[in-house]
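upload15.pdb follows (PDB, C-alpha atoms):
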```pdb
ATOM      1  CA  MET G   1      13.630   9.148  -5.500
ATOM      2  CA  SER G   2      16.672   7.365  -6.921
ATOM      3  CA  TYR G   3      16.960   3.681  -7.773
ATOM      4  CA  LYS G   4      19.803   1.237  -8.146
ATOM      5  CA  TYR G   5      20.553   0.630 -11.843
ATOM      6  CA  GLU G   6      18.227   3.553 -12.622
ATOM      7  CA  HIS G   7      19.789   4.005 -16.059
ATOM      8  CA  LEU G   8      18.403   0.580 -17.036
ATOM      9  CA  MET G   9      14.843   1.337 -15.938
ATOM     10  CA  ARG G  10      14.081   3.098 -19.229
ATOM     11  CA  LEU G  11      14.476  -0.247 -21.028
ATOM     12  CA  THR G  12      11.489  -2.387 -21.958
ATOM     13  CA  SER G  13      11.335  -5.967 -20.662
ATOM     14  CA  ASN G  14      12.715  -7.289 -23.956
ATOM     15  CA  GLU G  15      15.460  -4.678 -24.041
ATOM     16  CA  LEU G  16      16.431  -5.499 -20.463
ATOM     17  CA  HIS G  17      16.540  -9.223 -21.297
ATOM     18  CA  ASN G  18      18.788  -8.564 -24.308
ATOM     19  CA  HIS G  19      21.017  -6.298 -22.215
ATOM     20  CA  CYS G  20      21.456  -9.050 -19.628
ATOM     21  CA  GLU G  21      22.230 -11.591 -22.357
ATOM     22  CA  ARG G  22      25.003  -9.311 -23.637
ATOM     23  CA  LEU G  23      26.429  -9.072 -20.122
ATOM     24  CA  LEU G  24      26.515 -12.869 -19.881
ATOM     25  CA  ARG G  25      28.308 -13.113 -23.205
ATOM     26  CA  LYS G  26      30.881 -10.675 -21.870
ATOM     27  CA  GLY G  27      31.580 -13.046 -19.033
ATOM     28  CA  ILE G  28      29.799 -11.149 -16.243
ATOM     29  CA  ASN G  29      28.941 -13.362 -13.249
ATOM     30  CA  PRO G  30      25.488 -14.899 -13.899
ATOM     31  CA  LEU G  31      24.444 -14.242 -10.284
ATOM     32  CA  LEU G  32      25.236 -10.548 -10.706
ATOM     33  CA  VAL G  33      23.339 -10.412 -14.008
ATOM     34  CA  ALA G  34      20.328 -12.110 -12.396
ATOM     35  CA  ASP G  35      20.481  -9.603  -9.529
ATOM     36  CA  ILE G  36      20.624  -6.693 -11.979
ATOM     37  CA  LYS G  37      17.612  -7.963 -13.879
ATOM     38  CA  SER G  38      15.470  -8.700 -10.807
ATOM     39  CA  THR G  39      16.411  -5.387  -9.167
ATOM     40  CA  VAL G  40      15.506  -3.378 -12.251
ATOM     41  CA  LEU G  41      12.159  -5.162 -12.594
ATOM     42  CA  GLU G  42      11.380  -4.653  -8.900
ATOM     43  CA  ASN G  43      12.329  -0.984  -9.117
ATOM     44  CA  LYS G  44      10.124  -0.450 -12.163
ATOM     45  CA  ALA G  45       7.187  -2.070 -10.365
ATOM     46  CA  HIS G  46       7.830   0.092  -7.296
ATOM     47  CA  ARG G  47       8.048   3.273  -9.375
ATOM     48  CA  LYS G  48       4.807   2.448 -11.152
ATOM     49  CA  SER G  49       3.056   1.834  -7.841
ATOM     50  CA  HIS G  50       4.546   4.998  -6.340
ATOM     51  CA  ARG G  51       3.411   7.122  -9.278
ATOM     52  CA  ALA G  52      -0.087   5.637  -9.068
ATOM     53  CA  HIS G  53      -0.184   6.486  -5.374
ATOM     54  CA  LEU G  54       0.947  10.065  -5.986
ATOM     55  CA  LYS G  55      -1.714  10.447  -8.675
ATOM     56  CA  GLN G  56      -4.370   9.214  -6.281
ATOM     57  CA  VAL G  57      -3.113  11.601  -3.601
ATOM     58  CA  HIS G  58      -3.189  14.499  -6.066
ATOM     59  CA  ASN G  59      -6.712  13.660  -7.236
ATOM     60  CA  GLN G  60      -7.993  13.572  -3.665
ATOM     61  CA  TRP G  61      -6.329  16.859  -2.748
ATOM     62  CA  ARG G  62      -7.738  18.404  -5.924
ATOM     63  CA  VAL G  63     -11.195  17.985  -4.385
ATOM     64  CA  ILE G  64     -10.028  20.233  -1.539
ATOM     65  CA  MET G  65      -7.869  22.584  -3.600
ATOM     66  CA  SER G  66     -10.243  23.304  -6.485
ATOM     67  CA  PRO G  67     -12.806  25.264  -4.410
ATOM     68  CA  LEU G  68      -9.930  27.045  -2.647
ATOM     69  CA  MET G  69      -8.443  28.169  -5.963
ATOM     70  CA  HIS G  70     -11.920  29.221  -7.107
ATOM     71  CA  GLU G  71     -12.234  31.391  -3.991
ATOM     72  CA  LYS G  72      -8.763  32.866  -4.535
ATOM     73  CA  LYS G  73      -9.793  33.858  -8.055
ATOM     74  CA  ALA G  74     -12.979  35.462  -6.760
ATOM     75  CA  VAL G  75     -11.075  37.481  -4.161
ATOM     76  CA  ARG G  76      -8.541  38.577  -6.767
ATOM     77  CA  SER G  77     -11.381  39.794  -8.994
ATOM     78  CA  LEU G  78     -12.878  41.762  -6.107
ATOM     79  CA  SER G  79      -9.533  43.415  -5.421
ATOM     80  CA  TYR G  80      -9.459  44.730  -9.006
ATOM     81  CA  TYR G  81     -12.799  46.434  -8.502
ATOM     82  CA  LYS G  82     -12.271  49.800  -6.817
ATOM     83  CA  ASN G  83     -15.189  50.916  -4.703
ATOM     84  CA  ALA G  84     -15.198  54.631  -3.868
ATOM     85  CA  LYS G  85     -17.050  53.889  -0.624
ATOM     86  CA  SER G  86     -14.980  52.684   2.365
ATOM     87  CA  PRO G  87     -11.892  51.772   0.266
ATOM     88  CA  GLU G  88      -9.572  51.390   3.277
ATOM     89  CA  GLN G  89     -11.749  48.933   5.200
ATOM     90  CA  ARG G  90     -12.504  46.980   2.045
ATOM     91  CA  SER G  91      -8.843  46.757   0.997
ATOM     92  CA  ALA G  92      -7.780  45.698   4.496
ATOM     93  CA  ALA G  93     -10.352  42.895   4.566
ATOM     94  CA  LEU G  94      -9.530  41.607   1.079
ATOM     95  CA  GLU G  95      -5.767  41.739   1.655
ATOM     96  CA  ALA G  96      -6.032  39.869   4.946
ATOM     97  CA  TYR G  97      -8.331  37.270   3.380
ATOM     98  CA  ALA G  98      -6.045  36.823   0.364
ATOM     99  CA  LEU G  99      -3.074  36.288   2.690
ATOM    100  CA  VAL G 100      -4.955  33.560   4.576
ATOM    101  CA  LEU G 101      -5.871  31.839   1.300
ATOM    102  CA  ASP G 102      -2.289  32.029  -0.026
ATOM    103  CA  THR G 103      -0.887  30.656   3.241
ATOM    104  CA  LEU G 104      -3.421  27.840   3.272
ATOM    105  CA  GLU G 105      -2.637  26.919  -0.332
ATOM    106  CA  GLN G 106       1.048  26.506   0.521
ATOM    107  CA  LYS G 107       0.199  24.499   3.649
ATOM    108  CA  LEU G 108      -2.058  22.068   1.792
ATOM    109  CA  LYS G 109       0.437  21.637  -1.041
ATOM    110  CA  ALA G 110       3.125  20.799   1.531
ATOM    111  CA  ILE G 111       0.892  18.075   3.001
ATOM    112  CA  GLU G 112       0.250  16.709  -0.488
ATOM    113  CA  ARG G 113       3.996  16.555  -1.188
ATOM    114  CA  GLU G 114       4.335  14.279   1.839
ATOM    115  CA  GLY G 115       2.213  11.731  -0.044
ATOM    116  CA  THR G 116      -0.622  11.916   2.478
ATOM    117  CA  THR G 117      -4.256  11.942   1.353
ATOM    118  CA  PRO G 118      -6.803  14.273   2.989
ATOM    119  CA  MET G 119      -8.439  11.288   4.718
ATOM    120  CA  GLN G 120      -5.088  10.112   6.070
ATOM    121  CA  HIS G 121      -4.220  13.595   7.261
ATOM    122  CA  ASP G 122      -7.538  14.304   8.967
ATOM    123  CA  LYS G 123     -10.705  12.450   7.997
ATOM    124  CA  THR G 124     -12.897  15.056   9.748
ATOM    125  CA  LYS G 125     -11.897  17.753   7.252
ATOM    126  CA  THR G 126     -13.791  17.603   3.962
ATOM    127  CA  HIS G 127     -13.492  21.221   2.764
ATOM    128  CA  TRP G 128     -10.689  23.766   2.605
ATOM    129  CA  THR G 129     -12.401  25.965   5.176
ATOM    130  CA  ASP G 130     -11.970  23.159   7.724
ATOM    131  CA  TYR G 131      -8.208  23.727   7.603
ATOM    132  CA  VAL G 132      -8.468  27.354   8.735
ATOM    133  CA  PRO G 133      -8.330  27.806  12.548
ATOM    134  CA  GLN G 134     -11.450  29.425  13.983
ATOM    135  CA  HIS G 135      -9.561  32.369  15.474
ATOM    136  CA  ILE G 136      -8.213  33.215  12.001
ATOM    137  CA  LYS G 137     -11.709  33.045  10.542
ATOM    138  CA  ASP G 138     -12.976  35.319  13.297
ATOM    139  CA  ARG G 139     -10.311  37.947  12.595
ATOM    140  CA  VAL G 140     -10.995  38.000   8.860
ATOM    141  CA  CYS G 141     -14.765  38.021   9.330
ATOM    142  CA  ALA G 142     -14.418  40.961  11.736
ATOM    143  CA  LEU G 143     -12.594  42.927   9.031
ATOM    144  CA  PHE G 144     -15.395  42.265   6.547
ATOM    145  CA  ASP G 145     -18.013  43.162   9.167
ATOM    146  CA  ALA G 146     -16.223  46.485   9.658
ATOM    147  CA  ILE G 147     -16.910  47.482   6.037
ATOM    148  CA  PRO G 148     -19.889  49.879   5.932
ATOM    149  CA  HIS G 149     -22.740  48.363   3.929
ATOM    150  CA  TYR G 150     -24.929  50.345   1.574
ATOM    151  CA  PRO G 151     -28.203  49.557  -0.238
ATOM    152  CA  ARG G 152     -27.815  47.254  -3.269
ATOM    153  CA  GLN G 153     -24.147  46.746  -2.414
ATOM    154  CA  LYS G 154     -22.899  43.195  -2.931
ATOM    155  CA  VAL G 155     -21.547  41.805   0.328
ATOM    156  CA  LYS G 156     -18.649  39.344   0.360
ATOM    157  CA  HIS G 157     -18.877  36.516   2.869
ATOM    158  CA  PRO G 158     -15.466  34.909   3.509
ATOM    159  CA  PHE G 159     -14.880  31.175   3.986
ATOM    160  CA  PRO G 160     -17.942  29.877   2.086
ATOM    161  CA  ARG G 161     -18.390  26.101   2.344
ATOM    162  CA  THR G 162     -19.129  25.720  -1.347
ATOM    163  CA  MET G 163     -17.596  24.224  -4.462
ATOM    164  CA  PRO G 164     -18.150  24.767  -8.203
ATOM    165  CA  GLU G 165     -21.377  23.025  -9.299
ATOM    166  CA  GLU G 166     -19.638  21.096 -12.091
ATOM    167  CA  GLN G 167     -17.146  19.607  -9.645
ATOM    168  CA  HIS G 168     -19.943  18.913  -7.155
ATOM    169  CA  ALA G 169     -21.935  16.946  -9.753
ATOM    170  CA  LYS G 170     -18.940  14.846 -10.774
ATOM    171  CA  LEU G 171     -17.937  14.039  -7.186
ATOM    172  CA  LYS G 172     -21.520  13.345  -6.165
ATOM    173  CA  ALA G 173     -21.979  10.820  -8.985
ATOM    174  CA  ARG G 174     -18.720   9.120  -8.002
ATOM    175  CA  LEU G 175     -19.731   9.037  -4.325
ATOM    176  CA  ILE G 176     -23.136   7.526  -5.133
ATOM    177  CA  GLN G 177     -21.454   4.815  -7.218
ATOM    178  CA  ARG G 178     -19.027   3.934  -4.416
ATOM    179  CA  THR G 179     -21.736   4.005  -1.758
ATOM    180  CA  GLU G 180     -24.056   1.772  -3.773
ATOM    181  CA  LYS G 181     -21.191  -0.698  -4.159
ATOM    182  CA  ASP G 182     -20.674  -0.692  -0.374
ATOM    183  CA  LEU G 183     -24.415  -1.190   0.113
ATOM    184  CA  ARG G 184     -24.500  -4.214  -2.215
ATOM    185  CA  ARG G 185     -21.598  -5.745  -0.322
ATOM    186  CA  ALA G 186     -23.237  -5.062   3.045
ATOM    187  CA  LYS G 187     -26.544  -6.581   1.895
ATOM    188  CA  GLN G 188     -24.727  -9.704   0.720
ATOM    189  CA  ASP G 189     -23.073  -9.984   4.129
ATOM    190  CA  ALA G 190     -26.486  -9.550   5.769
ATOM    191  CA  LEU G 191     -27.913 -12.433   3.732
ATOM    192  CA  LEU G 192     -25.033 -14.661   4.785
ATOM    193  CA  ASN G 193     -25.282 -13.528   8.411
ATOM    194  CA  PRO G 194     -29.001 -12.884   9.082
ATOM    195  CA  ASP G 195     -28.548 -12.745  12.871
ATOM    196  CA  ASN G 196     -25.682 -10.248  12.831
ATOM    197  CA  GLU G 197     -27.099  -6.975  14.181
ATOM    198  CA  GLU G 198     -23.938  -4.998  13.345
ATOM    199  CA  ILE G 199     -24.270  -5.835   9.662
ATOM    200  CA  LYS G 200     -27.949  -4.900   9.722
ATOM    201  CA  ALA G 201     -27.045  -1.574  11.298
ATOM    202  CA  LEU G 202     -24.377  -1.031   8.633
ATOM    203  CA  VAL G 203     -26.934  -1.620   5.868
ATOM    204  CA  LYS G 204     -29.201   1.002   7.448
ATOM    205  CA  ARG G 205     -26.350   3.533   7.822
ATOM    206  CA  ILE G 206     -25.345   3.149   4.174
ATOM    207  CA  THR G 207     -28.963   3.372   3.038
ATOM    208  CA  ASP G 208     -29.405   6.564   5.075
ATOM    209  CA  ALA G 209     -26.153   7.888   3.604
ATOM    210  CA  LEU G 210     -27.485   7.454   0.060
ATOM    211  CA  VAL G 211     -30.600   9.443   0.973
ATOM    212  CA  PHE G 212     -28.396  12.154   2.489
ATOM    213  CA  ILE G 213     -26.149  12.271  -0.591
ATOM    214  CA  ASP G 214     -29.161  12.686  -2.873
ATOM    215  CA  LYS G 215     -30.226  15.767  -0.864
ATOM    216  CA  LEU G 216     -26.855  17.543  -1.069
ATOM    217  CA  GLU G 217     -27.143  21.074  -2.416
ATOM    218  CA  PRO G 218     -25.567  21.721  -5.878
ATOM    219  CA  ASN G 219     -22.568  23.560  -4.408
ATOM    220  CA  GLU G 220     -22.024  21.641  -1.168
ATOM    221  CA  PRO G 221     -18.668  19.924  -0.609
ATOM    222  CA  VAL G 222     -18.666  16.192  -1.320
ATOM    223  CA  PRO G 223     -16.465  13.784   0.689
ATOM    224  CA  THR G 224     -14.483  10.970  -0.905
ATOM    225  CA  THR G 225     -16.514   8.246   0.856
ATOM    226  CA  TRP G 226     -19.866   8.147   2.638
ATOM    227  CA  HIS G 227     -18.002   7.835   5.952
ATOM    228  CA  GLY G 228     -17.079  11.516   5.581
ATOM    229  CA  LEU G 229     -20.691  12.691   5.450
ATOM    230  CA  LYS G 230     -21.771  14.859   8.370
ATOM    231  CA  ILE G 231     -25.150  13.213   8.874
TER
END
```
What is this file in structure tokens?
Amino acid sequence: MSYKYEHLMRLTSNELHNHCERLLRKGINPLLVADIKSTVLENKAHRKSHRAHLKQVHNQWRVIMSPLMHEKKAVRSLSYYKNAKSPEQRSAALEAYALVLDTLEQKLKAIEREGTTPMQHDKTKTHWTDYVPQHIKDRVCALFDAIPHYPRQKVKHPFPRTMPEEQHAKLKARLIQRTEKDLRRAKQDALLNPDNEEIKALVKRITDALVFIDKLEPNEPVPTTWHGLKI
């Protein structure tokens, strides 16, 4: 993104003021100098806001991407391990799965570059596996099912709806904090509007959501807000 007078945006407020004063002393039209100053300040404010937005977008997509990258790493590790039993079926399944994961990574990164958050893109999708069409999942799962299984052999299940426990704990704590804040606000509204049944129902939904959040398994995906819970 380019800005008008972009070369002046690196200046601090004091430096910009001094620059404009020098322009006035050189006889530059005061209206033009005022326009330069206001434009630069507006552009700097816009850039700051834009960068904050992009950071927020990235942080929200990281919730989706982190488990995906964890799964990619796991599949890559499995591909390094050479099993003498059924090598062709196993290689075919892992290669197909890896291709799906690589393609999905590029797709999600492209959506992120558009500046769209996961909720804005599709609020029903809370985990990377939600972005894989069912017919693709079926094809990959069929390849894994075709691998002969032997006693004590570790079986790989593709498209697990899990996330690293450390990330889960951090996101869960953040979600509880946000949900409790929404509950306090809803309860205040209920006190001010004791006859409003919609507000009472909202208080109950948020209360139920907190109970549901507390029961999430240590590796379950965690949505950004309680609205994304599949209760």
What's around region 92-105 of chain G at 8 Å? Count all atoms listed in the file, leave out sequence neighbours fewer than 2 positions away in its own chain, and write the answer as a PyMOL selection string. chain G and resi 65+68+72+75-76+78-79+88-90+107-109+131-132+140+143-144+158
Take the PyMOL selection byres ((chain G and resi 32-38) around 9), apply it to the structure above, and return the hits as a PDB file with C-alpha atoms, in the coordinates of the input.
```pdb
ATOM      1  CA  LYS G   4      19.803   1.237  -8.146  1.00  0.00           C
ATOM      2  CA  TYR G   5      20.553   0.630 -11.843  1.00  0.00           C
ATOM      3  CA  LEU G  16      16.431  -5.499 -20.463  1.00  0.00           C
ATOM      4  CA  HIS G  17      16.540  -9.223 -21.297  1.00  0.00           C
ATOM      5  CA  CYS G  20      21.456  -9.050 -19.628  1.00  0.00           C
ATOM      6  CA  GLU G  21      22.230 -11.591 -22.357  1.00  0.00           C
ATOM      7  CA  LEU G  23      26.429  -9.072 -20.122  1.00  0.00           C
ATOM      8  CA  LEU G  24      26.515 -12.869 -19.881  1.00  0.00           C
ATOM      9  CA  ILE G  28      29.799 -11.149 -16.243  1.00  0.00           C
ATOM     10  CA  ASN G  29      28.941 -13.362 -13.249  1.00  0.00           C
ATOM     11  CA  PRO G  30      25.488 -14.899 -13.899  1.00  0.00           C
ATOM     12  CA  LEU G  31      24.444 -14.242 -10.284  1.00  0.00           C
ATOM     13  CA  THR G  39      16.411  -5.387  -9.167  1.00  0.00           C
ATOM     14  CA  VAL G  40      15.506  -3.378 -12.251  1.00  0.00           C
ATOM     15  CA  LEU G  41      12.159  -5.162 -12.594  1.00  0.00           C
ATOM     16  CA  GLU G  42      11.380  -4.653  -8.900  1.00  0.00           C
ATOM     17  CA  ASN G  43      12.329  -0.984  -9.117  1.00  0.00           C
TER      18      ASN G  43
END
```
Nearest to Gln177 (chain G): which of G:Thr224, G:Gln106, G:Ser66, G:Thr116 is it, counting all atoms listed in the file?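 Closest to Gln177 (chain G), using all atoms listed in the file: G:Thr224.
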One decimal, Å: what's the distance from CA of Ser91 (chain G) over to CA of Ser77 (chain G), could you say? 12.4 Å
Write out as lines of an AutoDock Vina configuration file an axis-aligned box for region 103-121 of chain G: all of its atoms listed in the file, 4 Å added on each side, centre and edge lengths in Å with one decimal.
```
center_x = -2.1
center_y = 20.4
center_z = 3.0
size_x = 20.8
size_y = 28.5
size_z = 16.4
```
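Shortest atom-to-atom contact with Phe159 (chain G) among G:Ala209, G:Leu202, G:Met119, G:Ala74: G:Ala74, counting all atoms listed in the file.
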Target residues per the PyMOL selection byres ((chain G and resi 165-168) around 7), formatted as a list of chain:residue names: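 When the PyMOL selection byres ((chain G and resi 165-168) around 7) is applied, the selected residues are G:Met163, G:Pro164, G:Ala169, G:Lys170, G:Leu171, G:Lys172, G:Pro218, G:Asn219, G:Glu220, G:Pro221, G:Val222.
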Which distance in Å separates CA of Val211 (chain G) and CA of Lys187 (chain G), to one decimal?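 Result for CA of Val211 (chain G) versus CA of Lys187 (chain G): 16.6 Å, one decimal.
In this structure, CA of Lys181 (chain G) sits 20.0 Å away from CA of Lys230 (chain G).
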Selection dump of the PyMOL selection byres ((chain G and resi 2) around 12), as a list in words: Met1, Tyr3, Lys4, Tyr5, Glu6, His7, Met9, Asn43, Lys44, His46 and Arg47 of chain G
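Each of G:Arg205, G:Arg113, G:Arg22, G:Lys123 was checked against His58 (chain G) using all atoms listed in the file; the smallest atom-to-atom distance is that of G:Arg113.
Restricting the calculation to only C-alpha atoms, the smallest distance between Asp122 (chain G) and any of G:Thr179, G:Gly228, G:Tyr80, G:Glu217 is found for G:Gly228.
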Which residues come within 10 Å of Gly115 (chain G), counting all atoms listed in the file, excluding same-chain residues fewer than 5 positions away, as a ChimeraX atom specification? /G:50,53-58,110,120-121
My list of candidates is G:Arg10, G:Lys48, G:Arg139, G:His227. Which is closest to Lys125 (chain G) when distances are computed with only C-alpha atoms? G:His227
Could you check which of G:Pro133, G:Pro87, G:Pro148, G:Pro223 is closest to Gln60 (chain G), using only C-alpha atoms?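 Closest to Gln60 (chain G), using only C-alpha atoms: G:Pro223.
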